[in-house]
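Asker: What follows is query08.cif, made up of mmCIF, C-alpha atoms:
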data_structure
loop_
_atom_site.group_PDB
_atom_site.id
_atom_site.type_symbol
_atom_site.label_atom_id
_atom_site.label_comp_id
_atom_site.auth_asym_id
_atom_site.auth_seq_id
_atom_site.Cartn_x
_atom_site.Cartn_y
_atom_site.Cartn_z
ATOM 1 C CA MET Q 1 132.460 109.855 94.124
ATOM 2 C CA ILE Q 2 129.521 107.461 94.044
ATOM 3 C CA ALA Q 3 131.534 104.900 92.086
ATOM 4 C CA LYS Q 4 134.208 104.755 94.791
ATOM 5 C CA TRP Q 5 131.566 104.528 97.531
ATOM 6 C CA LEU Q 6 129.945 101.613 95.726
ATOM 7 C CA SER Q 7 133.271 99.909 95.238
ATOM 8 C CA ASP Q 8 134.145 100.246 98.912
ATOM 9 C CA ASN Q 9 130.742 99.354 100.399
ATOM 10 C CA LEU Q 10 128.958 97.059 97.982
ATOM 11 C CA PRO Q 11 130.413 93.699 99.134
ATOM 12 C CA GLN Q 12 129.706 94.421 102.807
ATOM 13 C CA GLN Q 13 126.193 95.725 102.118
ATOM 14 C CA VAL Q 14 125.267 92.711 99.980
ATOM 15 C CA GLU Q 15 126.575 90.323 102.634
ATOM 16 C CA GLN Q 16 124.538 92.025 105.374
ATOM 17 C CA LEU Q 17 121.425 92.143 103.220
ATOM 18 C CA MET Q 18 121.700 88.459 102.317
ATOM 19 C CA LYS Q 19 122.148 87.548 105.973
ATOM 20 C CA GLU Q 20 119.100 89.532 107.142
ATOM 21 C CA THR Q 21 116.757 88.221 104.429
ATOM 22 C CA GLU Q 22 117.982 84.606 104.376
ATOM 23 C CA LYS Q 23 115.241 83.150 106.570
ATOM 24 C CA THR Q 24 112.280 84.737 104.818
ATOM 25 C CA ARG Q 25 113.808 84.488 101.348
ATOM 26 C CA GLY Q 26 113.910 80.721 101.648
ATOM 27 C CA THR Q 27 110.150 80.452 102.247
ATOM 28 C CA VAL Q 28 109.182 81.855 98.828
ATOM 29 C CA SER Q 29 109.022 79.205 96.118
ATOM 30 C CA GLY Q 30 109.982 79.847 92.515
ATOM 31 C CA PHE Q 31 111.233 82.898 90.677
ATOM 32 C CA ASN Q 32 109.190 85.979 89.767
ATOM 33 C CA MET Q 33 106.140 84.493 91.441
ATOM 34 C CA LYS Q 34 104.166 87.741 91.614
ATOM 35 C CA GLN Q 35 104.802 88.490 87.947
ATOM 36 C CA ARG Q 36 103.838 84.957 86.904
ATOM 37 C CA VAL Q 37 100.632 85.030 88.942
ATOM 38 C CA ALA Q 38 99.701 88.380 87.384
ATOM 39 C CA LYS Q 39 100.311 86.886 83.945
ATOM 40 C CA LEU Q 40 98.220 83.845 84.857
ATOM 41 C CA ILE Q 41 95.304 86.096 85.814
ATOM 42 C CA ARG Q 42 95.528 87.978 82.511
ATOM 43 C CA LEU Q 43 95.618 84.719 80.545
ATOM 44 C CA LEU Q 44 92.619 83.315 82.400
ATOM 45 C CA GLN Q 45 90.692 86.544 81.902
ATOM 46 C CA ALA Q 46 91.553 86.438 78.191
ATOM 47 C CA THR Q 47 90.372 82.830 78.029
ATOM 48 C CA LEU Q 48 86.990 83.843 79.413
ATOM 49 C CA TYR Q 49 86.673 87.256 77.764
ATOM 50 C CA PRO Q 50 89.121 87.608 74.852
ATOM 51 C CA ASN Q 51 87.300 90.668 73.514
ATOM 52 C CA ILE Q 52 88.278 92.508 76.703
ATOM 53 C CA TYR Q 53 91.546 91.006 77.890
ATOM 54 C CA TYR Q 54 93.341 89.426 74.927
ATOM 55 C CA GLU Q 55 96.568 91.324 74.310
ATOM 56 C CA GLY Q 56 96.418 91.476 70.550
ATOM 57 C CA GLU Q 57 94.086 91.770 67.590
ATOM 58 C CA TYR Q 58 92.191 88.981 65.883
ATOM 59 C CA LYS Q 59 89.411 88.489 63.389
ATOM 60 C CA GLN Q 60 86.152 87.065 64.678
ATOM 61 C CA GLU Q 61 86.554 83.840 62.722
ATOM 62 C CA PHE Q 62 89.767 83.138 64.656
ATOM 63 C CA LEU Q 63 88.118 83.490 68.079
ATOM 64 C CA PRO Q 64 88.223 79.710 68.831
ATOM 65 C CA THR Q 65 91.944 79.735 68.075
ATOM 66 C CA VAL Q 66 92.494 82.684 70.407
ATOM 67 C CA VAL Q 67 90.569 80.990 73.228
ATOM 68 C CA ALA Q 68 92.467 77.734 72.668
ATOM 69 C CA GLU Q 69 95.783 79.590 72.787
ATOM 70 C CA CYS Q 70 94.933 81.361 76.051
ATOM 71 C CA TRP Q 71 93.484 78.192 77.592
ATOM 72 C CA GLN Q 72 96.626 76.197 76.824
ATOM 73 C CA GLN Q 73 99.008 78.898 78.019
ATOM 74 C CA SER Q 74 96.976 79.278 81.218
ATOM 75 C CA ALA Q 75 97.170 75.552 81.927
ATOM 76 C CA VAL Q 76 100.937 75.406 81.412
ATOM 77 C CA LEU Q 77 101.600 78.471 83.575
ATOM 78 C CA LEU Q 78 99.212 77.299 86.296
ATOM 79 C CA TYR Q 79 101.061 73.985 86.447
ATOM 80 C CA ASP Q 80 104.380 75.781 86.929
ATOM 81 C CA VAL Q 81 103.210 78.166 89.653
ATOM 82 C CA ALA Q 82 101.172 75.452 91.389
ATOM 83 C CA LYS Q 83 104.188 73.163 91.538
ATOM 84 C CA ASP Q 84 106.319 75.974 92.961
ATOM 85 C CA ALA Q 85 103.635 76.980 95.472
ATOM 86 C CA LEU Q 86 103.258 73.410 96.678
ATOM 87 C CA GLY Q 87 107.044 73.320 96.990
ATOM 88 C CA SER Q 88 107.932 72.526 100.568
ATOM 89 C CA THR Q 89 104.287 71.750 101.368
ATOM 90 C CA CYS Q 90 104.322 68.406 99.557
ATOM 91 C CA GLU Q 91 103.321 66.683 102.795
ATOM 92 C CA TYR Q 92 100.212 68.858 102.971
ATOM 93 C CA ALA Q 93 99.493 68.231 99.296
ATOM 94 C CA ALA Q 94 99.880 64.476 99.764
ATOM 95 C CA GLN Q 95 97.335 64.572 102.583
ATOM 96 C CA MET Q 96 94.931 66.347 100.260
ATOM 97 C CA LYS Q 97 95.326 63.735 97.540
ATOM 98 C CA LYS Q 98 96.775 60.658 99.214
ATOM 99 C CA ASP Q 99 97.355 58.708 96.023
ATOM 100 C CA GLN Q 100 99.649 61.441 94.694
ATOM 101 C CA ALA Q 101 103.283 61.081 95.719
ATOM 102 C CA ARG Q 102 104.907 64.122 94.159
ATOM 103 C CA CYS Q 103 104.157 67.840 93.991
ATOM 104 C CA GLY Q 104 104.160 67.637 90.218
ATOM 105 C CA ASP Q 105 101.405 65.035 90.299
ATOM 106 C CA VAL Q 106 99.307 67.150 92.635
ATOM 107 C CA ALA Q 107 99.882 70.239 90.493
ATOM 108 C CA GLU Q 108 98.774 68.306 87.421
ATOM 109 C CA TRP Q 109 95.624 67.141 89.199
ATOM 110 C CA ILE Q 110 94.833 70.739 90.243
ATOM 111 C CA VAL Q 111 95.331 72.005 86.683
ATOM 112 C CA LYS Q 112 92.995 69.377 85.238
ATOM 113 C CA GLU Q 113 90.300 70.016 87.823
ATOM 114 C CA PHE Q 114 90.553 73.790 87.516
ATOM 115 C CA MET Q 115 90.785 74.176 83.756
ATOM 116 C CA THR Q 116 87.803 71.899 83.136
ATOM 117 C CA SER Q 117 85.753 73.971 85.597
ATOM 118 C CA LEU Q 118 86.194 77.239 83.644
ATOM 119 C CA PRO Q 119 82.830 76.893 81.833
ATOM 120 C CA ASP Q 120 81.076 76.589 85.208
ATOM 121 C CA ILE Q 121 82.912 79.660 86.509
ATOM 122 C CA ALA Q 122 81.946 81.585 83.372
ATOM 123 C CA GLU Q 123 78.303 80.576 83.851
ATOM 124 C CA VAL Q 124 78.280 81.989 87.409
ATOM 125 C CA LEU Q 125 80.043 85.163 86.235
ATOM 126 C CA ASN Q 126 77.256 85.653 83.712
ATOM 127 C CA THR Q 127 74.837 85.920 86.644
ATOM 128 C CA ASP Q 128 77.116 88.508 88.297
ATOM 129 C CA ILE Q 129 77.115 90.581 85.103
ATOM 130 C CA THR Q 130 73.321 90.372 85.004
ATOM 131 C CA ALA Q 131 73.132 91.444 88.669
ATOM 132 C CA ALA Q 132 75.231 94.524 87.936
ATOM 133 C CA PHE Q 133 73.203 95.463 84.863
ATOM 134 C CA ASP Q 134 69.863 94.920 86.589
ATOM 135 C CA GLY Q 135 70.996 96.496 89.856
ATOM 136 C CA ASP Q 136 72.434 99.771 88.571
ATOM 137 C CA PRO Q 137 70.276 102.229 86.602
ATOM 138 C CA ALA Q 138 73.479 103.848 85.340
ATOM 139 C CA ALA Q 139 74.499 100.681 83.471
ATOM 140 C CA ARG Q 140 73.462 101.048 79.833
ATOM 141 C CA SER Q 141 74.609 97.593 78.749
ATOM 142 C CA LYS Q 142 76.266 94.432 80.022
ATOM 143 C CA GLU Q 143 79.280 95.388 77.910
ATOM 144 C CA GLU Q 144 79.594 98.557 79.985
ATOM 145 C CA VAL Q 145 79.593 96.487 83.165
ATOM 146 C CA MET Q 146 82.393 94.309 81.837
ATOM 147 C CA LEU Q 147 84.481 97.179 80.510
ATOM 148 C CA ALA Q 148 83.992 99.895 83.110
ATOM 149 C CA TYR Q 149 83.022 98.393 86.474
ATOM 150 C CA PRO Q 150 85.834 97.557 88.923
ATOM 151 C CA ALA Q 151 83.554 95.054 90.643
ATOM 152 C CA PHE Q 152 83.503 92.916 87.506
ATOM 153 C CA GLU Q 153 87.300 92.701 87.614
ATOM 154 C CA ALA Q 154 87.398 91.902 91.327
ATOM 155 C CA ILE Q 155 84.600 89.326 91.219
ATOM 156 C CA THR Q 156 86.067 87.611 88.145
ATOM 157 C CA VAL Q 157 89.423 87.158 89.861
ATOM 158 C CA TYR Q 158 87.691 86.062 93.069
ATOM 159 C CA ARG Q 159 85.666 83.370 91.250
ATOM 160 C CA LEU Q 160 88.833 81.988 89.660
ATOM 161 C CA ALA Q 161 90.822 82.153 92.901
ATOM 162 C CA HIS Q 162 88.019 80.589 94.926
ATOM 163 C CA ARG Q 163 88.052 77.495 92.733
ATOM 164 C CA LEU Q 164 91.791 77.086 93.308
ATOM 165 C CA PHE Q 165 91.182 77.638 97.030
ATOM 166 C CA GLU Q 166 88.632 74.797 96.938
ATOM 167 C CA LEU Q 167 91.282 72.604 95.335
ATOM 168 C CA LYS Q 168 93.550 73.437 98.310
ATOM 169 C CA LEU Q 169 96.276 75.088 96.275
ATOM 170 C CA PRO Q 170 98.279 77.165 98.776
ATOM 171 C CA LEU Q 171 99.403 80.771 98.303
ATOM 172 C CA ILE Q 172 98.292 81.349 94.688
ATOM 173 C CA PRO Q 173 94.586 82.097 95.346
ATOM 174 C CA ARG Q 174 95.520 84.689 97.972
ATOM 175 C CA MET Q 175 97.959 86.322 95.580
ATOM 176 C CA MET Q 176 95.292 86.439 92.888
ATOM 177 C CA THR Q 177 92.701 88.256 94.983
ATOM 178 C CA GLU Q 178 95.358 90.622 96.309
ATOM 179 C CA TYR Q 179 96.240 91.455 92.690
ATOM 180 C CA ALA Q 180 92.593 92.401 92.157
ATOM 181 C CA HIS Q 181 92.577 94.309 95.473
ATOM 182 C CA GLN Q 182 95.467 96.451 94.305
ATOM 183 C CA LYS Q 183 93.707 97.228 91.020
ATOM 184 C CA THR Q 184 90.168 97.802 92.301
ATOM 185 C CA ALA Q 185 90.369 98.543 96.058
ATOM 186 C CA ILE Q 186 87.993 95.598 96.574
ATOM 187 C CA ASP Q 187 89.406 92.985 98.956
ATOM 188 C CA ILE Q 188 87.704 89.578 98.700
ATOM 189 C CA HIS Q 189 89.421 86.658 100.383
ATOM 190 C CA PRO Q 190 89.415 83.603 98.085
ATOM 191 C CA GLY Q 191 88.052 81.453 100.904
ATOM 192 C CA ALA Q 192 84.778 83.379 101.097
ATOM 193 C CA VAL Q 193 81.752 81.528 99.703
ATOM 194 C CA ILE Q 194 79.605 83.797 97.523
ATOM 195 C CA GLY Q 195 76.415 82.848 95.717
ATOM 196 C CA ARG Q 196 75.156 83.813 92.273
ATOM 197 C CA TYR Q 197 74.017 87.246 91.106
ATOM 198 C CA PHE Q 198 76.547 89.085 93.276
ATOM 199 C CA PHE Q 199 77.014 92.825 92.727
ATOM 200 C CA ILE Q 200 79.291 95.402 94.332
ATOM 201 C CA ASP Q 201 78.298 98.957 93.373
ATOM 202 C CA HIS Q 202 81.195 101.449 93.144
ATOM 203 C CA GLY Q 203 83.303 99.070 95.213
ATOM 204 C CA SER Q 204 86.199 100.976 96.749
ATOM 205 C CA GLY Q 205 86.963 99.889 100.298
ATOM 206 C CA VAL Q 206 84.872 96.716 100.325
ATOM 207 C CA VAL Q 207 86.354 93.948 102.511
ATOM 208 C CA ILE Q 208 85.008 90.381 102.566
ATOM 209 C CA GLY Q 209 86.706 88.010 105.010
ATOM 210 C CA GLU Q 210 87.814 84.434 104.519
ATOM 211 C CA THR Q 211 84.998 82.678 106.382
ATOM 212 C CA CYS Q 212 82.104 84.757 105.042
ATOM 213 C CA HIS Q 213 79.165 82.924 103.501
ATOM 214 C CA ILE Q 214 77.133 85.174 101.215
ATOM 215 C CA GLY Q 215 73.913 84.057 99.582
ATOM 216 C CA SER Q 216 72.578 84.796 96.111
ATOM 217 C CA HIS Q 217 71.241 88.131 94.847
ATOM 218 C CA VAL Q 218 73.317 90.140 97.348
ATOM 219 C CA LYS Q 219 74.284 93.744 96.663
ATOM 220 C CA LEU Q 220 77.031 95.637 98.500
ATOM 221 C CA TYR Q 221 77.985 99.287 98.215
ATOM 222 C CA GLN Q 222 81.356 100.949 98.695
ATOM 223 C CA GLY Q 223 83.102 100.765 102.043
ATOM 224 C CA VAL Q 224 81.253 97.702 103.328
ATOM 225 C CA THR Q 225 83.248 95.481 105.689
ATOM 226 C CA LEU Q 226 82.272 91.895 106.405
ATOM 227 C CA GLY Q 227 84.981 91.230 108.935
ATOM 228 C CA ALA Q 228 86.122 89.637 112.182
ATOM 229 C CA LYS Q 229 85.157 91.034 115.578
ATOM 230 C CA SER Q 230 88.277 89.927 117.428
ATOM 231 C CA PHE Q 231 90.944 87.273 117.241
ATOM 232 C CA GLU Q 232 91.445 84.441 119.711
ATOM 233 C CA LEU Q 233 95.074 84.338 120.843
ATOM 234 C CA ASP Q 234 97.215 81.319 121.672
ATOM 235 C CA GLU Q 235 99.504 80.993 124.712
ATOM 236 C CA ALA Q 236 102.223 82.961 122.927
ATOM 237 C CA GLY Q 237 99.837 85.800 122.135
ATOM 238 C CA HIS Q 238 99.572 84.970 118.436
ATOM 239 C CA PRO Q 239 96.207 84.883 116.597
ATOM 240 C CA VAL Q 240 94.749 81.377 116.363
ATOM 241 C CA LYS Q 241 94.477 80.398 112.718
ATOM 242 C CA GLY Q 242 91.249 79.071 111.224
ATOM 243 C CA GLY Q 243 87.792 79.038 112.767
ATOM 244 C CA LYS Q 244 84.651 80.935 111.815
ATOM 245 C CA ARG Q 245 85.463 84.620 112.162
ATOM 246 C CA HIS Q 246 83.306 86.424 109.618
ATOM 247 C CA PRO Q 247 79.553 86.911 109.204
ATOM 248 C CA ASP Q 248 77.028 85.105 107.018
ATOM 249 C CA VAL Q 249 74.675 86.984 104.706
ATOM 250 C CA GLY Q 250 71.427 85.490 103.427
ATOM 251 C CA ASP Q 251 69.808 85.792 99.997
ATOM 252 C CA HIS Q 252 68.428 89.052 98.561
ATOM 253 C CA VAL Q 253 70.291 91.290 101.025
ATOM 254 C CA VAL Q 254 71.390 94.886 100.370
ATOM 255 C CA ILE Q 255 74.176 96.425 102.488
ATOM 256 C CA TYR Q 256 74.692 100.146 101.971
ATOM 257 C CA ALA Q 257 77.863 102.236 101.975
ATOM 258 C CA GLY Q 258 80.137 102.211 104.980
ATOM 259 C CA ALA Q 259 78.327 99.485 106.896
ATOM 260 C CA THR Q 260 80.449 97.223 109.101
ATOM 261 C CA VAL Q 261 79.235 93.725 109.950
ATOM 262 C CA LEU Q 262 81.507 91.717 112.234
ATOM 263 C CA GLY Q 263 81.770 88.302 113.855
ATOM 264 C CA GLY Q 264 81.612 84.643 112.995
ATOM 265 C CA ASN Q 265 78.292 84.212 114.810
ATOM 266 C CA THR Q 266 76.634 87.161 113.078
ATOM 267 C CA VAL Q 267 73.982 86.235 110.502
ATOM 268 C CA ILE Q 268 72.122 88.701 108.292
ATOM 269 C CA GLY Q 269 68.792 87.105 107.482
ATOM 270 C CA SER Q 270 67.555 86.915 103.906
ATOM 271 C CA ASN Q 271 65.595 89.828 102.400
ATOM 272 C CA SER Q 272 67.199 92.316 104.808
ATOM 273 C CA VAL Q 273 68.491 95.840 104.243
ATOM 274 C CA ILE Q 274 71.489 97.139 106.212
ATOM 275 C CA GLY Q 275 71.738 100.911 106.035
ATOM 276 C CA GLY Q 276 74.815 103.046 105.513
ATOM 277 C CA SER Q 277 77.337 103.485 108.351
ATOM 278 C CA VAL Q 278 75.687 100.783 110.483
ATOM 279 C CA TRP Q 279 77.975 98.959 112.964
ATOM 280 C CA LEU Q 280 76.534 95.490 113.493
ATOM 281 C CA THR Q 281 77.920 92.686 115.673
ATOM 282 C CA HIS Q 282 74.766 90.637 116.246
ATOM 283 C CA SER Q 283 72.440 88.629 114.039
ATOM 284 C CA VAL Q 284 69.249 90.051 112.553
ATOM 285 C CA PRO Q 285 66.263 87.990 111.373
ATOM 286 C CA GLU Q 286 64.922 87.709 107.860
ATOM 287 C CA GLY Q 287 63.242 90.791 106.471
ATOM 288 C CA SER Q 288 65.032 93.238 108.784
ATOM 289 C CA THR Q 289 65.765 96.877 107.980
ATOM 290 C CA ILE Q 290 68.691 98.160 110.038
ATOM 291 C CA TYR Q 291 69.695 101.797 109.928
ATOM 292 C CA TYR Q 292 72.127 104.158 111.613
ATOM 293 C CA ASN Q 293 70.790 106.187 114.519
ATOM 294 C CA PRO Q 294 72.741 109.417 115.238
ATOM 295 C CA SER Q 295 72.325 108.756 118.950
ATOM 296 C CA GLY Q 296 74.919 106.009 118.524
ATOM 297 C CA ASN Q 297 72.585 103.036 118.608
ATOM 298 C CA THR Q 298 71.647 100.728 115.779
ATOM 299 C CA SER Q 299 67.927 100.905 115.011
ATOM 300 C CA LYS Q 300 65.656 98.575 113.118
ATOM 301 C CA GLU Q 301 62.236 98.453 111.604
#
Can you present the structure in this file as structure tokens?
Answerer:
Amino acid sequence: MIAKWLSDNLPQQVEQLMKETEKTRGTVSGFNMKQRVAKLIRLLQATLYPNIYYEGEYKQEFLPTVVAECWQQSAVLLYDVAKDALGSTCEYAAQMKKDQARCGDVAEWIVKEFMTSLPDIAEVLNTDITAAFDGDPAARSKEEVMLAYPAFEAITVYRLAHRLFELKLPLIPRMMTEYAHQKTAIDIHPGAVIGRYFFIDHGSGVVIGETCHIGSHVKLYQGVTLGAKSFELDEAGHPVKGGKRHPDVGDHVVIYAGATVLGGNTVIGSNSVIGGSVWLTHSVPEGSTIYYNPSGNTSKE
């Protein structure tokens, strides 16, 4: 029964499906892009932390060989996906690097800049690991942070993606942080600027928007949103792209669970504490303590 139905309907169904998806299908560059980006993330993680992410066994004396293998494979795969992502945006890429005429040249430049910056990224990640260990009494070791904390996964991918975002590689950084979002429930846009010693405790439901600027020694708890208050619309009613939409957070700030901080003009001053469930759409000065008032108003000390 099903075989006859397939035989009778398959050609027509395929034709209709191809017609409906033609416009959007043509905007996606390369084959298996999501799978290749996921593989790239795993290779980069294995390059930084082979004891955690390397998919295989090795003796300690062969560690440099393992790192070299992952580093080389990462570079080759990044070149391929970068070239595909640039794809039809060669004009944009040429504006970014005017002396480069082809997408392949731009992709090569991005790979060189990114791969040689991995030691710097690793150095910043070391401060994030320290922040988690120092900031959580439940952490018994830095190894536990790296092996068991979802924030370590999300922040690692963010740091890698942010560097590619700085190099103006389209699409790939966003895919990378969304991969981490799916695994950890922590959503950090690669465009956000985040200082050293960053820690997210528990993590689920955290959202950090594209234009956020977060200082050093900042600690967030689960369910924190650093988001946009509203979107400016163009004449056609579509959101206007770009612009400062998300808040800034100073150094040595703690934001507790469920707090929502919105708006591109909102600044949380350094050395402040934002309590749980607070809804905040205005700036607060340095040294503030903001807490939720059951009467519906935000209170401060």
Asker: Running the PyMOL selection byres ((chain Q and resi 267-281) around 6) on this model by hand, what would come out? Give it as a PyMOL selection string.
Answerer: chain Q and resi 247-262+266+282-292
Asker: For Asp120 (chain Q), please output as a ChimeraX atom specification all residues within 12 Å (counting only C-alpha atoms; exclusion window: fewer than 4 positions along the same chain).
Answerer: /Q:48,113-116,124-127,159-160,163,196
Asker: Enumerate, as number ranges by chain, the residues matched when the PyMOL selection byres ((chain Q and resi 180) around 10) is run on the file above.
Answerer: Q: 38, 41, 150-151, 153-158, 175-179, 181-188
Asker: Kindly indicate which residue among Q:Ile2, Q:Val218, Q:Met33, Q:Ile110 lies nearest to Phe165 (chain Q), using all atoms listed in the file for the distances.
Answerer: Q:Ile110
Asker: Take CA of Gly263 (chain Q) and CA of Ile214 (chain Q) and report the distance between them in Å, one decimal.
Answerer: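 Spanning CA of Gly263 (chain Q) to CA of Ile214 (chain Q) is a straight-line distance of 13.8 Å.
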Asker: Enter the distance from CA of Gly215 (chain Q) to CA of Asp128 (chain Q), in Å, rounded to one decimal.
Answerer: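 Going from CA of Gly215 (chain Q) over to CA of Asp128 (chain Q), I get 12.5 Å.
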Asker: Can you tell me, as a short mmCIF file (atom, residue, chain, number, x, y, z; two decimals) with C-alpha atoms, keeping the file's coordinate frame, which residues sit within 12 Å of (74.1, 95.9, 83.6) in the file's frame, using all atoms listed in the file?
Answerer:
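Written out: result00.cif:
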data_model
loop_
_atom_site.label_atom_id
_atom_site.label_comp_id
_atom_site.auth_asym_id
_atom_site.auth_seq_id
_atom_site.Cartn_x
_atom_site.Cartn_y
_atom_site.Cartn_z
CA ASN Q 126 77.26 85.65 83.71
CA THR Q 127 74.84 85.92 86.64
CA ASP Q 128 77.12 88.51 88.30
CA ILE Q 129 77.11 90.58 85.10
CA THR Q 130 73.32 90.37 85.00
CA ALA Q 131 73.13 91.44 88.67
CA ALA Q 132 75.23 94.52 87.94
CA PHE Q 133 73.20 95.46 84.86
CA ASP Q 134 69.86 94.92 86.59
CA GLY Q 135 71.00 96.50 89.86
CA ASP Q 136 72.43 99.77 88.57
CA PRO Q 137 70.28 102.23 86.60
CA ALA Q 138 73.48 103.85 85.34
CA ALA Q 139 74.50 100.68 83.47
CA ARG Q 140 73.46 101.05 79.83
CA SER Q 141 74.61 97.59 78.75
CA LYS Q 142 76.27 94.43 80.02
CA GLU Q 143 79.28 95.39 77.91
CA GLU Q 144 79.59 98.56 79.98
CA VAL Q 145 79.59 96.49 83.16
CA MET Q 146 82.39 94.31 81.84
CA LEU Q 147 84.48 97.18 80.51
CA ALA Q 148 83.99 99.90 83.11
CA TYR Q 149 83.02 98.39 86.47
CA ALA Q 151 83.55 95.05 90.64
CA PHE Q 152 83.50 92.92 87.51
CA TYR Q 197 74.02 87.25 91.11
CA PHE Q 199 77.01 92.82 92.73
CA ILE Q 200 79.29 95.40 94.33
CA ASP Q 201 78.30 98.96 93.37
#
Asker: Going by the chain IDs and residue numbers used in this file, which residues fall under the PyMOL selection byres ((chain Q and resi 230) around 12)? Write them as a list in words.
Answerer: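 Answer for the PyMOL selection byres ((chain Q and resi 230) around 12): Gly227, Ala228, Lys229, Phe231, Glu232, Leu233, Pro239, Val240, Gly243, Lys244, Arg245, His246, Leu262, Gly263, Gly264, Asn265 and Thr281 of chain Q.
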Asker: Excluding Leu43 (chain Q) and any residue of its chain fewer than 3 positions from it, enumerate the residues within 7 Å of it, using all atoms listed in the file, and give them as a PDB file with C-alpha atoms, keeping the file's coordinate frame.
Answerer:
ATOM      1  CA  LYS Q  39     100.311  86.886  83.945  1.00  0.00           C
ATOM      2  CA  LEU Q  40      98.220  83.845  84.857  1.00  0.00           C
ATOM      3  CA  ALA Q  46      91.553  86.438  78.191  1.00  0.00           C
ATOM      4  CA  THR Q  47      90.372  82.830  78.029  1.00  0.00           C
ATOM      5  CA  CYS Q  70      94.933  81.361  76.051  1.00  0.00           C
ATOM      6  CA  SER Q  74      96.976  79.278  81.218  1.00  0.00           C
TER       7      SER Q  74
END
Asker: Show which residues sit within 10 Å of Gly191 (chain Q), as JSON, numbers by chain. Count only C-alpha atoms, and ignore same-chain residues fewer than 6 positions away.
Answerer: {"Q": [158, 161, 162, 163, 164, 165, 166, 173, 174, 208, 209, 210, 211, 212, 213]}
Asker: What gap, in Å, lies between CA of Val111 (chain Q) and CA of Tyr54 (chain Q)?
Answerer: 21.1 Å
Asker: Out of Q:Leu118, Q:Val224, Q:Pro170, Q:Leu6, which residue has the shortest atom-to-atom distance to Ala85 (chain Q) when counting only C-alpha atoms?
Answerer: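 Selected residue with least distance to Ala85 (chain Q): Q:Pro170.
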Asker: Pick the closest to Val37 (chain Q) from Q:Leu10, Q:Leu171, Q:Val106, Q:Val67: which is it, counting all atoms listed in the file?
Answerer: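 Among the listed residues, the smallest separation from Val37 (chain Q) belongs to Q:Leu171.
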Asker: Rank nothing, just name the residue among Q:Leu77, Q:Ala68, Q:Val14, Q:Leu169 nearest to Arg42 (chain Q), using all atoms listed in the file.
Answerer: Q:Leu77
